[in-house]
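K.L.:
Input structure: structure-v9.txt, which contains compact mmCIF, C-alpha atoms.
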```
# COMPACT_ATOMS: atom_id res chain seq x y z
CA MET A 54 0.00 0.00 0.00
CA THR A 55 1.08 3.57 -0.50
CA ARG A 56 2.21 5.41 2.51
CA ILE A 57 -0.38 7.71 4.00
CA LYS A 58 0.57 10.13 6.69
CA ARG A 59 -2.06 10.97 9.21
CA GLY A 60 -1.42 14.60 8.70
CA TYR A 61 -3.36 16.90 10.91
CA ILE A 62 -6.52 14.84 11.38
CA ALA A 63 -5.84 14.04 15.00
CA ARG A 64 -4.83 17.62 15.66
CA LYS A 65 -8.05 18.94 14.12
CA ARG A 66 -10.06 16.71 16.42
CA ARG A 67 -8.09 17.66 19.46
CA THR A 68 -8.28 21.39 18.80
CA LYS A 69 -12.03 21.25 19.19
CA ILE A 70 -11.68 19.49 22.48
CA ARG A 71 -9.03 21.95 23.54
CA LEU A 72 -11.36 24.80 22.81
CA PHE A 73 -13.94 23.29 25.10
CA THR A 74 -11.38 22.87 27.85
CA SER A 75 -9.68 26.18 27.32
CA SER A 76 -10.79 27.70 30.61
CA PHE A 77 -9.81 24.82 32.84
CA ARG A 78 -7.19 25.10 35.45
CA GLY A 79 -3.57 24.11 35.07
CA ALA A 80 -2.68 20.99 33.18
CA HIS A 81 -6.33 20.35 32.43
CA SER A 82 -6.19 22.94 29.69
CA ARG A 83 -2.65 22.38 28.52
CA LEU A 84 -1.84 18.72 28.20
CA THR A 85 -3.41 16.85 25.33
CA ARG A 86 -4.25 13.64 27.06
CA THR A 87 -5.64 15.23 30.16
CA ILE A 88 -7.67 17.57 27.98
CA SER A 89 -9.54 14.67 26.47
CA GLN A 90 -10.17 13.15 29.86
CA GLN A 91 -11.29 16.39 31.43
CA LYS A 92 -13.71 17.11 28.66
CA ILE A 93 -15.38 13.77 29.22
CA LYS A 94 -15.57 14.35 32.95
CA ALA A 95 -16.96 17.81 32.45
CA LEU A 96 -19.70 16.62 30.16
CA VAL A 97 -20.60 13.80 32.50
CA SER A 98 -20.88 16.22 35.39
CA ALA A 99 -22.96 18.59 33.35
CA ASN A 100 -25.36 15.86 32.37
CA ARG A 101 -25.74 14.52 35.87
CA ASP A 102 -26.00 17.92 37.45
CA ARG A 103 -28.76 19.11 35.16
CA ASP A 104 -30.96 16.74 37.10
CA ARG A 105 -29.34 17.60 40.40
CA LYS A 106 -29.97 21.24 39.76
CA LYS A 107 -33.68 20.58 39.88
CA ARG A 108 -33.33 18.78 43.18
CA GLY A 109 -31.08 21.45 44.58
CA PHE A 110 -33.37 24.30 43.80
CA ARG A 111 -36.37 22.50 45.17
CA GLY A 112 -34.56 21.96 48.43
CA LEU A 113 -33.59 25.60 48.55
CA TRP A 114 -37.17 26.71 48.00
CA ILE A 115 -38.43 24.39 50.68
CA HIS A 116 -35.86 25.73 53.07
CA ARG A 117 -36.75 29.30 52.33
CA ILE A 118 -40.46 28.65 52.75
CA ASN A 119 -39.83 26.93 56.04
CA ALA A 120 -37.71 29.83 57.21
CA ILE A 121 -40.26 32.51 56.56
CA ILE A 122 -43.16 30.47 57.86
CA GLY A 123 -41.25 29.58 60.98
CA LYS A 124 -40.07 33.10 61.53
CA ASN A 125 -43.45 34.74 61.60
CA LYS A 126 -45.98 32.16 62.51
CA LYS A 127 -44.78 30.89 65.80
CA LYS A 128 -48.05 31.80 67.43
CA GLN A 129 -49.81 29.25 65.31
CA TYR A 130 -46.99 26.74 65.29
CA ASN A 131 -46.66 26.59 61.59
CA ARG A 132 -44.05 24.72 59.72
CA TYR A 133 -43.48 24.11 56.06
CA SER A 134 -45.14 20.76 56.43
CA ASN A 135 -48.27 22.32 57.86
CA LEU A 136 -48.39 24.89 55.14
CA LEU A 137 -48.01 22.36 52.36
CA TYR A 138 -50.55 20.03 53.86
CA ASN A 139 -53.09 22.79 54.10
CA MET A 140 -52.32 23.92 50.61
CA TYR A 141 -53.02 20.50 49.24
CA LYS A 142 -56.18 20.29 51.25
CA GLY A 143 -57.30 23.67 50.00
CA GLN A 144 -56.28 22.79 46.45
CA TRP A 145 -53.87 25.62 46.00
CA LEU A 146 -51.82 24.95 42.94
CA LEU A 147 -48.83 27.10 43.68
CA ASN A 148 -45.50 25.45 43.12
CA HIS A 149 -42.62 25.66 45.56
CA LYS A 150 -40.61 28.10 43.54
CA ILE A 151 -43.27 30.74 43.40
CA VAL A 152 -44.14 30.32 47.05
CA ALA A 153 -40.51 30.81 47.96
CA GLN A 154 -40.18 33.82 45.70
CA MET A 155 -43.28 35.26 47.27
CA GLY A 156 -41.76 34.73 50.66
CA ILE A 157 -38.81 36.87 49.75
CA LEU A 158 -40.33 39.47 47.49
CA LYS A 159 -43.76 39.80 49.06
CA GLY A 160 -43.61 38.23 52.47
CA ASN A 161 -46.90 39.73 53.56
CA CYS A 162 -48.77 38.04 50.76
CA LEU A 163 -47.47 34.66 51.69
CA LEU A 164 -48.37 35.13 55.33
CA MET A 165 -51.84 36.19 54.35
CA ILE A 166 -52.26 33.09 52.27
CA ALA A 167 -50.95 30.99 55.12
CA ASN A 168 -53.42 32.63 57.46
CA GLU A 169 -56.28 32.02 55.11
CA ILE A 170 -55.63 28.39 54.50
CA ILE A 171 -54.86 27.51 58.06
CA THR A 172 -58.17 28.84 59.27
CA MET B 173 -47.79 48.35 48.21
CA CYS B 174 -51.41 49.20 47.61
CA ASN B 175 -52.06 45.66 46.42
CA VAL B 176 -50.87 44.14 49.63
CA HIS B 177 -52.65 46.64 51.78
CA ASN B 178 -55.93 45.99 50.08
CA ILE B 179 -55.71 42.31 50.50
CA THR B 180 -54.70 42.88 54.09
CA LEU B 181 -57.82 44.90 54.60
CA SER B 182 -60.15 42.29 53.17
CA GLN B 183 -58.43 39.53 55.00
CA PHE B 184 -58.70 41.54 58.14
CA GLN B 185 -62.43 41.38 57.79
CA VAL B 186 -62.51 37.81 56.72
CA ALA B 187 -60.25 36.06 59.12
CA GLU B 188 -60.47 38.23 62.22
CA ALA B 189 -56.80 38.41 61.92
CA ASP B 190 -55.14 39.60 65.01
CA ARG B 191 -52.18 37.79 63.71
CA ILE B 192 -51.52 39.93 60.70
CA ASP B 193 -49.70 43.13 61.42
CA SER B 194 -51.71 45.37 59.17
CA GLU B 195 -50.91 48.99 59.29
CA GLU B 196 -54.34 50.23 58.56
CA GLU B 197 -56.56 48.78 61.18
CA HIS B 198 -58.76 51.81 61.54
CA THR B 199 -59.85 53.13 58.22
CA ALA B 200 -62.42 55.48 56.91
CA LEU B 201 -65.45 54.12 55.13
CA SER B 202 -64.37 55.54 51.79
CA GLU B 203 -61.07 53.82 52.02
CA VAL B 204 -62.79 50.54 52.80
CA SER B 205 -65.02 50.79 49.77
CA MET B 206 -62.14 51.89 47.63
CA ALA B 207 -60.14 48.98 48.90
CA LEU B 208 -62.88 46.47 48.26
CA VAL B 209 -63.46 47.68 44.78
CA CYS B 210 -59.87 48.19 43.94
CA GLY B 211 -58.83 45.06 45.72
CA SER B 212 -61.33 42.92 43.92
CA ALA B 213 -59.31 43.20 40.78
CA SER B 214 -56.20 41.94 42.41
CA VAL B 215 -57.78 39.40 44.72
CA THR B 216 -57.95 36.94 41.84
CA PHE B 217 -54.43 36.21 42.79
CA PRO B 218 -54.92 34.04 45.88
CA SER B 219 -57.88 32.14 44.61
CA SER B 220 -56.35 30.93 41.39
CA SER B 221 -53.07 29.46 40.43
CA PHE B 222 -50.28 31.87 39.90
CA PRO B 223 -49.85 31.81 36.12
CA ARG B 224 -53.22 33.50 35.87
CA HIS B 225 -51.64 36.60 37.29
CA SER B 226 -49.13 36.79 34.49
CA HIS B 227 -51.72 35.88 31.88
CA ARG B 228 -53.76 38.82 32.94
CA ASN B 229 -50.92 41.15 32.29
CA THR B 230 -50.34 39.98 28.77
CA SER B 231 -53.46 41.37 27.21
CA SER B 232 -55.93 38.80 28.40
CA SER B 233 -59.45 38.92 27.09
CA SER B 234 -61.91 40.84 29.19
CA SER B 235 -64.13 37.79 29.64
CA SER B 236 -61.45 35.79 31.43
CA SER B 237 -60.73 38.70 33.70
CA LEU B 238 -64.41 39.02 34.47
CA VAL B 239 -64.61 35.36 35.39
CA GLY B 240 -61.73 35.81 37.73
CA LEU B 241 -63.30 38.89 39.21
CA GLN B 242 -66.58 37.28 40.12
CA PHE B 243 -65.12 34.41 41.98
CA PRO B 244 -63.96 36.11 45.18
CA PHE B 245 -66.52 38.82 44.97
CA HIS B 246 -69.24 37.16 46.98
CA LYS B 247 -66.75 36.53 49.71
CA LEU B 248 -65.95 40.21 49.90
CA VAL B 249 -69.46 41.55 49.66
CA SER B 250 -70.94 39.15 52.17
CA LEU B 251 -68.54 40.36 54.79
CA SER B 252 -68.38 44.04 54.00
CA LEU B 253 -69.81 46.59 56.40
CA SER B 254 -73.56 46.93 56.08
CA PRO B 255 -73.92 50.64 55.36
CA SER B 256 -71.51 50.49 52.53
CA SER B 257 -72.68 47.28 50.96
CA SER B 258 -75.32 48.84 48.79
CA SER B 259 -73.01 51.54 47.56
CA ASN B 260 -70.40 48.87 46.96
CA THR B 261 -72.78 46.82 44.87
CA ASN B 262 -73.55 49.78 42.71
CA ALA B 263 -69.94 50.75 42.54
CA ARG B 264 -68.92 47.24 41.69
CA THR B 265 -71.43 46.85 38.92
CA LEU B 266 -70.36 50.13 37.44
CA ARG B 267 -66.77 49.11 37.84
CA ILE B 268 -67.14 45.94 35.83
CA HIS B 269 -68.81 47.64 32.92
CA SER B 270 -66.18 50.30 32.74
CA GLN B 271 -63.46 47.71 32.94
CA GLN B 272 -64.96 45.88 30.03
CA GLN B 273 -64.37 48.91 27.92
CA ASP B 274 -61.15 49.96 29.48
CA SER B 275 -59.17 46.78 29.25
CA SER B 276 -59.08 46.79 25.53
CA ILE B 277 -58.11 50.43 25.23
CA LEU B 278 -55.80 51.46 28.01
CA PRO B 279 -52.17 50.42 28.39
CA PRO B 280 -51.30 48.65 31.66
CA GLU B 281 -50.04 51.82 33.32
CA GLN B 282 -53.42 53.50 33.09
CA ASP B 283 -55.69 50.50 33.29
CA PRO B 284 -57.74 50.96 36.46
CA ARG B 285 -57.41 47.30 37.31
CA PHE B 286 -53.67 47.65 37.63
CA LEU B 287 -53.56 50.92 39.47
CA CYS B 288 -53.18 49.18 42.77
CA VAL B 289 -50.46 46.92 41.55
CA GLU B 290 -47.04 47.86 42.72
CA PRO B 291 -45.02 49.31 39.87
CA GLU B 292 -42.50 46.56 39.86
CA PRO B 293 -40.17 46.35 36.97
CA ARG B 294 -41.80 43.08 35.99
CA PHE B 295 -43.47 44.60 33.01
CA LYS B 296 -40.23 45.86 31.61
CA GLY B 297 -37.30 44.69 33.69
CA PRO B 298 -35.75 41.37 34.53
CA ASP B 299 -37.96 38.44 35.44
CA ILE B 300 -37.95 38.42 39.21
CA TRP B 301 -40.54 35.69 39.62
CA ASN B 302 -39.22 32.89 37.49
CA LYS B 303 -35.60 33.27 38.43
CA THR B 304 -34.91 32.11 41.95
CA TRP B 305 -33.86 35.07 44.02
CA TYR B 306 -30.15 35.44 44.47
CA PRO B 307 -28.75 38.15 46.68
CA LYS B 308 -26.98 41.09 45.18
CA ALA B 309 -23.93 42.58 46.86
CA ALA B 310 -26.11 45.16 48.56
CA ASP B 311 -28.17 42.42 50.20
CA HIS B 312 -25.36 41.11 52.33
CA VAL B 313 -23.29 44.10 53.33
CA ASN B 314 -21.55 43.38 56.59
CA THR B 315 -22.38 46.75 58.05
CA GLU B 316 -26.10 46.13 57.85
CA LYS B 317 -26.23 42.71 59.39
CA THR B 318 -27.85 42.08 62.72
CA TRP B 319 -25.72 41.56 65.75
CA TYR B 320 -26.94 39.18 68.42
CA VAL B 321 -25.64 38.74 71.94
CA VAL B 322 -26.01 35.58 74.02
CA ASP B 323 -25.16 34.95 77.62
CA ALA B 324 -23.70 31.47 77.86
CA THR B 325 -24.26 31.09 81.60
CA ASP B 326 -25.75 27.70 82.38
CA LYS B 327 -26.61 26.91 78.81
CA VAL B 328 -25.96 23.49 77.44
CA LEU B 329 -22.96 23.70 75.16
CA GLY B 330 -24.13 21.82 72.10
CA ARG B 331 -27.60 23.29 71.95
CA LEU B 332 -26.24 26.77 72.35
CA ALA B 333 -23.68 26.18 69.63
CA SER B 334 -26.37 24.84 67.34
CA THR B 335 -28.53 27.93 67.71
CA ILE B 336 -25.55 30.18 67.21
CA ALA B 337 -24.49 28.34 64.09
CA ILE B 338 -27.97 28.60 62.61
CA HIS B 339 -28.01 32.34 63.08
CA ILE B 340 -24.49 32.84 61.81
CA ARG B 341 -25.18 30.86 58.69
CA GLY B 342 -28.47 32.58 58.07
CA LYS B 343 -30.56 29.45 57.96
CA ASN B 344 -33.39 31.11 59.84
CA LEU B 345 -33.86 33.75 57.15
CA GLU B 346 -36.03 33.46 54.10
CA THR B 347 -33.19 34.95 52.09
CA TYR B 348 -30.94 32.02 52.95
CA THR B 349 -28.51 31.22 50.17
CA PRO B 350 -25.97 28.47 50.73
CA SER B 351 -23.24 30.14 48.73
CA VAL B 352 -23.54 33.57 50.26
CA ASP B 353 -22.92 34.84 53.73
CA MET B 354 -26.37 36.10 54.71
CA GLY B 355 -26.19 35.43 58.39
CA ALA B 356 -25.78 37.62 61.42
CA PHE B 357 -23.02 38.28 63.88
CA VAL B 358 -23.20 36.61 67.27
CA ILE B 359 -21.49 37.72 70.45
CA VAL B 360 -21.17 35.22 73.27
CA VAL B 361 -20.42 36.50 76.74
CA ASN B 362 -19.69 34.64 79.95
CA ALA B 363 -18.15 31.88 77.94
CA GLU B 364 -16.49 30.31 80.94
CA LYS B 365 -19.87 29.55 82.50
CA VAL B 366 -21.18 27.35 79.71
CA ALA B 367 -22.52 24.06 81.00
CA VAL B 368 -22.49 20.45 79.95
CA SER B 369 -24.61 17.65 81.26
CA GLY B 370 -23.54 14.40 82.76
CA LYS B 371 -19.88 13.74 83.41
CA LYS B 372 -18.64 15.60 80.39
CA ARG B 373 -16.91 18.13 82.52
CA THR B 374 -14.24 15.61 83.41
CA GLN B 375 -14.67 13.13 80.59
CA LYS B 376 -15.04 15.18 77.41
CA LEU B 377 -11.67 15.34 75.70
CA TYR B 378 -10.38 18.01 73.41
CA ARG B 379 -7.62 16.74 71.20
CA ARG B 380 -5.20 18.49 68.94
CA HIS B 381 -2.19 17.26 67.05
CA SER B 382 0.93 19.18 66.28
CA GLY B 383 1.63 17.17 63.12
CA ARG B 384 4.68 15.41 64.49
CA PRO B 385 4.68 11.78 65.62
CA GLY B 386 3.62 11.55 69.21
CA GLY B 387 2.34 15.06 69.07
CA MET B 388 -1.21 14.46 70.22
CA LYS B 389 -2.25 16.75 73.03
CA VAL B 390 -5.33 15.90 75.02
CA GLU B 391 -7.10 17.86 77.66
CA THR B 392 -10.41 17.58 79.37
CA PHE B 393 -13.27 20.01 79.26
CA ALA B 394 -12.47 21.27 82.73
CA GLN B 395 -8.83 21.85 81.96
CA LEU B 396 -9.61 23.74 78.77
CA GLN B 397 -12.20 25.79 80.55
CA ASN B 398 -9.58 26.88 83.03
CA ARG B 399 -7.03 27.59 80.37
CA ILE B 400 -8.87 29.16 77.43
CA PRO B 401 -12.62 29.12 78.00
CA GLU B 402 -13.48 30.81 74.71
CA ARG B 403 -12.05 27.94 72.78
CA ILE B 404 -14.76 25.58 73.98
CA ILE B 405 -17.57 27.50 72.37
CA GLU B 406 -15.51 28.28 69.33
CA HIS B 407 -14.69 24.63 68.84
CA ALA B 408 -18.32 23.67 69.17
CA VAL B 409 -19.60 26.29 66.74
CA ARG B 410 -16.86 25.70 64.23
CA GLY B 411 -17.84 22.07 64.06
CA MET B 412 -21.36 23.11 63.15
CA LEU B 413 -20.50 25.62 60.48
CA PRO B 414 -19.72 24.53 56.94
CA LYS B 415 -16.09 23.67 56.28
CA GLY B 416 -14.62 25.64 53.48
CA ARG B 417 -13.81 29.13 52.48
CA LEU B 418 -17.26 30.42 53.31
CA GLY B 419 -17.33 28.50 56.56
CA ARG B 420 -14.11 30.06 57.68
CA ARG B 421 -15.47 33.47 56.95
CA LEU B 422 -18.67 32.68 58.83
CA PHE B 423 -16.61 31.63 61.80
CA THR B 424 -15.13 35.09 61.99
CA HIS B 425 -18.62 36.39 62.67
CA LEU B 426 -18.62 34.65 66.02
CA LYS B 427 -17.23 36.70 68.87
CA VAL B 428 -16.70 34.94 72.18
CA TYR B 429 -15.74 36.69 75.39
CA GLU B 430 -14.93 35.45 78.84
CA GLY B 431 -16.64 37.87 81.13
CA PRO B 432 -19.91 39.70 80.90
CA ASP B 433 -18.50 42.57 78.83
CA HIS B 434 -17.94 42.86 75.15
CA PRO B 435 -16.53 45.69 73.09
CA HIS B 436 -19.33 45.70 70.54
CA ALA B 437 -21.78 48.05 72.18
CA ALA B 438 -21.60 50.30 69.13
CA GLN B 439 -23.18 47.59 67.01
CA LYS B 440 -26.21 47.58 69.33
CA PRO B 441 -26.58 43.84 69.58
CA ILE B 442 -29.96 42.38 70.41
CA GLU B 443 -30.83 39.29 72.39
CA LEU B 444 -30.47 36.09 70.44
CA PRO B 445 -33.93 34.50 70.15
CA ILE B 446 -33.73 30.98 71.49
CA GLN B 447 -36.41 28.44 70.68
CA ASP B 448 -34.83 25.41 72.20
CA LYS B 449 -36.33 24.79 75.61
CA ARG B 450 -33.71 22.27 76.59
CA ILE B 451 -30.88 24.70 76.15
CA TYR B 452 -31.04 25.59 79.82
CA LEU B 453 -29.25 23.15 81.99
CA GLN B 454 -31.64 20.91 83.92
CA ARG B 455 -30.43 20.58 87.45
```
Represent the structure from my file as C-alpha cells, please.
P.N.:
Amino acid sequence: MTRIKRGYIARKRRTKIRLFTSSFRGAHSRLTRTISQQKIKALVSANRDRDRKKRGFRGLWIHRINAIIGKNKKKQYNRYSNLLYNMYKGQWLLNHKIVAQMGILKGNCLLMIANEIIT
Amino acid sequence: MCNVHNITLSQFQVAEADRIDSEEEHTALSEVSMALVCGSASVTFPSSSFPRHSHRNTSSSSSSSLVGLQFPFHKLVSLSLSPSSSSNTNARTLRIHSQQQDSSILPPEQDPRFLCVEPEPRFKGPDIWNKTWYPKAADHVNTEKTWYVVDATDKVLGRLASTIAIHIRGKNLETYTPSVDMGAFVIVVNAEKVAVSGKKRTQKLYRRHSGRPGGMKVETFAQLQNRIPERIIEHAVRGMLPKGRLGRRLFTHLKVYEGPDHPHAAQKPIELPIQDKRIYLQR
C-alpha cells in the first residue's frame, strides 16, 4: 500500500476538544491527554448535574419557605409541612418556587395566604 | 404596596386576623369601599393558580378577567360593612362595565385594574418571579447585618452552639442562600460559664495534634475551661458551620468573650432569640 501520513486529522479533532477545555485550570487545559479526559468528565458532570440542579433548587425553595413560615408564625406553630398540607387540602396549585419567591419578594402576601388556608 | 394593603384589609375582615400586622386597622369608610373595589381586581391572585396573574398582564381577554373577578366577589361583599354594601354593589357593577371597555383600550399603566399593583419592573425589567432570588452585593453588606448577643451562663454547650451556628449561617432567614454569607453576627459572653450535662466536665476530651509523631495533646473540658474558655464554644460552633472558604469566613462572625463585657456596644446587639427549651441546663 502507498504510505499515508495521518497529517493533521488528529490535531483537528483535538483542537475542538481543547477549545472546550480552554478555561480549565492548570494541566487540564494544557496537556493533550488530560484535555480529552477532562472534557469527558466535564460533560458527565454537566449531564448529571442538570438533574441535580432541579433537586437542589427545590430543596432551597423548601428551606426558604420553612424559614419565613417559621419566623413569623410561631403563634400558630406553623411549619413548612403544615403549610403544604393545608395547601393541598385547600387545592392551592402554587408550586414551591413561586411560594418561595413570594416569601422573599412579598412576604406579607405569603403570610396572608398561610393565614387564610390555616383557618 | 397598595395591592398588599388591600388584600390585608379584606383579609382583616374575613379572618379576624389579630395575627396579621396590618398597618391600617382603623380606616375610613371611603377607604374601605375603595379597597374592596380596587382590591377585587387583584384578589384573583390568591384564589387561582399563579400563572393566571401573568396571563392577565399579557393582554388577556376581558371575559377571562371578568370570570376571575366574580369568583372572590361574593366573599368580599358578604362580609363588608352593612352601610356600605349597597353603595359597593352599585360601585362594583359600574366598575365591571367600565373595565370591560377599558381593558381593551388602556395600556397597563393607566388601566384601572392595575392601578393598585405595585409598579415593579416586571413589566419591563428582569424576570424576578421565574428566576430564583439570588442576593446582590447590597443584600449582604456586613455593616447592615444584625448583631446578636447571648449569655452562655448555664446553657448546654451543644444546643447553644447549634442555635448560634444557625443564626451565623443565616438558615433562619427566608433569604438564605448556601453560597452567600447572609447570616448575622453573634457575640457570646460569659463563655467560661457554659454548662455540659452528665460527666462531660471531666470526661469530654479536646484533642489536637501538632503534626509530628507523638504530638497528640489531650485535655479535658475542665482543663480547657480553666485555660482558654473561649475555645470551647468556638470549637463547638466551628464544628457546626460549613467547612470551606465560606465556613471560615462565617466563623469570623462569632465573637466569644470570657466575662460579661464585650466591646461591641456600638453595634447595638440584640438578644439572640432561642427556641430550644432544653438549652437551659436541667439541674
K.L.:
Restrict the distance test to all atoms listed in the file, flag each residue of chain A within 8 Å of chain B, and return the flagged residues as a short mmCIF file (atom, residue, chain, number, x, y, z; two decimals) with C-alpha atoms, in the coordinates of the input.
P.N.:
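The resulting file, part-v6.cif, is shown below:
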```cif
data_model
loop_
_atom_site.label_atom_id
_atom_site.label_comp_id
_atom_site.auth_asym_id
_atom_site.auth_seq_id
_atom_site.Cartn_x
_atom_site.Cartn_y
_atom_site.Cartn_z
CA LEU A 113 -33.59 25.60 48.55
CA HIS A 116 -35.86 25.73 53.07
CA ARG A 117 -36.75 29.30 52.33
CA ILE A 118 -40.46 28.65 52.75
CA ASN A 119 -39.83 26.93 56.04
CA ALA A 120 -37.71 29.83 57.21
CA ILE A 121 -40.26 32.51 56.56
CA LYS A 124 -40.07 33.10 61.53
CA TRP A 145 -53.87 25.62 46.00
CA LEU A 146 -51.82 24.95 42.94
CA LEU A 147 -48.83 27.10 43.68
CA LYS A 150 -40.61 28.10 43.54
CA ILE A 151 -43.27 30.74 43.40
CA GLN A 154 -40.18 33.82 45.70
CA GLY A 156 -41.76 34.73 50.66
CA ILE A 157 -38.81 36.87 49.75
CA ASN A 161 -46.90 39.73 53.56
CA CYS A 162 -48.77 38.04 50.76
CA LEU A 164 -48.37 35.13 55.33
CA MET A 165 -51.84 36.19 54.35
CA ILE A 166 -52.26 33.09 52.27
CA ASN A 168 -53.42 32.63 57.46
CA GLU A 169 -56.28 32.02 55.11
CA THR A 172 -58.17 28.84 59.27
#
```
K.L.:
If I take CA of Ala99 (chain A) and CA of Asp299 (chain B), how far is one from the other in Å, to one decimal?
P.N.:
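Taking CA of Ala99 (chain A) and CA of Asp299 (chain B), their separation equals 25.0 Å.
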K.L.:
Can you tell me which residues surround region 68-72 of chain A at a distance of at most 8 Å, considering all atoms listed in the file, apart from same-chain residues fewer than 5 positions away, and format the answer as a list of chain:residue names?
P.N.:
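Residues near the query, excluding close chain neighbours: A:Ser82, A:Thr85, A:Ile88, A:Ser89, A:Lys92.
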K.L.:
In Å to one decimal, how far is CA of Arg417 (chain B) from CA of Met354 (chain B)?
P.N.:
14.5 Å
K.L.:
Within 12 Å of region 432-437 of chain B, counting all atoms listed in the file, which residues qualify if same-chain residues fewer than 6 places away don't, as a list of chain:residue names?
P.N.:
B:Trp319, B:Tyr320, B:Val321, B:Val322, B:Asp323, B:Ala324, B:Thr325, B:Phe357, B:Val358, B:Ile359, B:Val360, B:Val361, B:Asn362, B:Ala363, B:Glu364, B:Lys365, B:Leu426
K.L.:
Looking at only C-alpha atoms, which of A:Ile171, A:Ile115, A:Leu163, A:Ala63 is the one that sits closest to Asn135 (chain A)?
P.N.:
A:Ile171
K.L.:
Kindly reconstruct region 438-444 of chain B with all heavy atoms and present the result as a PDB file, keeping the file's coordinate frame.
P.N.:
```
ATOM      1  N   ALA B 438     -21.263  49.394  70.237  1.00  0.00           N
ATOM      2  CA  ALA B 438     -21.600  50.300  69.130  1.00  0.00           C
ATOM      3  C   ALA B 438     -22.429  49.611  68.068  1.00  0.00           C
ATOM      4  O   ALA B 438     -23.132  50.272  67.302  1.00  0.00           O
ATOM      5  CB  ALA B 438     -20.316  50.847  68.511  1.00  0.00           C
ATOM      6  N   GLN B 439     -22.379  48.284  68.008  1.00  0.00           N
ATOM      7  CA  GLN B 439     -23.180  47.590  67.010  1.00  0.00           C
ATOM      8  C   GLN B 439     -24.597  47.347  67.497  1.00  0.00           C
ATOM      9  O   GLN B 439     -25.399  46.806  66.760  1.00  0.00           O
ATOM     10  CB  GLN B 439     -22.526  46.232  66.676  1.00  0.00           C
ATOM     11  CG  GLN B 439     -21.430  46.334  65.651  1.00  0.00           C
ATOM     12  CD  GLN B 439     -20.195  47.009  66.185  1.00  0.00           C
ATOM     13  OE1 GLN B 439     -19.863  46.854  67.351  1.00  0.00           O
ATOM     14  NE2 GLN B 439     -19.526  47.790  65.370  1.00  0.00           N
ATOM     15  N   LYS B 440     -24.872  47.720  68.728  1.00  0.00           N
ATOM     16  CA  LYS B 440     -26.210  47.580  69.330  1.00  0.00           C
ATOM     17  C   LYS B 440     -26.746  46.165  69.155  1.00  0.00           C
ATOM     18  O   LYS B 440     -27.730  45.940  68.458  1.00  0.00           O
ATOM     19  CB  LYS B 440     -27.187  48.586  68.720  1.00  0.00           C
ATOM     20  CG  LYS B 440     -26.739  50.027  68.879  1.00  0.00           C
ATOM     21  CD  LYS B 440     -27.887  50.948  68.537  1.00  0.00           C
ATOM     22  CE  LYS B 440     -27.447  52.384  68.481  1.00  0.00           C
ATOM     23  NZ  LYS B 440     -26.434  52.702  67.473  1.00  0.00           N
ATOM     24  N   PRO B 441     -26.106  45.206  69.765  1.00  0.00           N
ATOM     25  CA  PRO B 441     -26.580  43.840  69.580  1.00  0.00           C
ATOM     26  C   PRO B 441     -27.889  43.597  70.330  1.00  0.00           C
ATOM     27  O   PRO B 441     -28.142  44.195  71.360  1.00  0.00           O
ATOM     28  CB  PRO B 441     -25.454  42.992  70.181  1.00  0.00           C
ATOM     29  CG  PRO B 441     -24.767  43.891  71.127  1.00  0.00           C
ATOM     30  CD  PRO B 441     -24.928  45.274  70.621  1.00  0.00           C
ATOM     31  N   ILE B 442     -28.689  42.717  69.778  1.00  0.00           N
ATOM     32  CA  ILE B 442     -29.960  42.380  70.410  1.00  0.00           C
ATOM     33  C   ILE B 442     -29.882  40.954  70.942  1.00  0.00           C
ATOM     34  O   ILE B 442     -28.986  40.196  70.574  1.00  0.00           O
ATOM     35  CB  ILE B 442     -31.126  42.525  69.421  1.00  0.00           C
ATOM     36  CG1 ILE B 442     -30.879  41.664  68.192  1.00  0.00           C
ATOM     37  CG2 ILE B 442     -31.326  43.958  69.019  1.00  0.00           C
ATOM     38  CD1 ILE B 442     -31.966  41.783  67.153  1.00  0.00           C
ATOM     39  N   GLU B 443     -30.829  40.613  71.783  1.00  0.00           N
ATOM     40  CA  GLU B 443     -30.830  39.290  72.390  1.00  0.00           C
ATOM     41  C   GLU B 443     -31.063  38.223  71.333  1.00  0.00           C
ATOM     42  O   GLU B 443     -31.959  38.355  70.506  1.00  0.00           O
ATOM     43  CB  GLU B 443     -31.970  39.192  73.414  1.00  0.00           C
ATOM     44  CG  GLU B 443     -31.600  39.561  74.821  1.00  0.00           C
ATOM     45  CD  GLU B 443     -30.496  38.701  75.379  1.00  0.00           C
ATOM     46  OE1 GLU B 443     -30.558  37.458  75.244  1.00  0.00           O
ATOM     47  OE2 GLU B 443     -29.539  39.268  75.909  1.00  0.00           O
ATOM     48  N   LEU B 444     -30.275  37.172  71.397  1.00  0.00           N
ATOM     49  CA  LEU B 444     -30.470  36.090  70.440  1.00  0.00           C
ATOM     50  C   LEU B 444     -31.747  35.345  70.782  1.00  0.00           C
ATOM     51  O   LEU B 444     -31.912  34.891  71.899  1.00  0.00           O
ATOM     52  CB  LEU B 444     -29.281  35.129  70.518  1.00  0.00           C
ATOM     53  CG  LEU B 444     -29.273  34.001  69.503  1.00  0.00           C
ATOM     54  CD1 LEU B 444     -28.923  34.523  68.143  1.00  0.00           C
ATOM     55  CD2 LEU B 444     -28.297  32.922  69.913  1.00  0.00           C
TER      56      LEU B 444
END
```
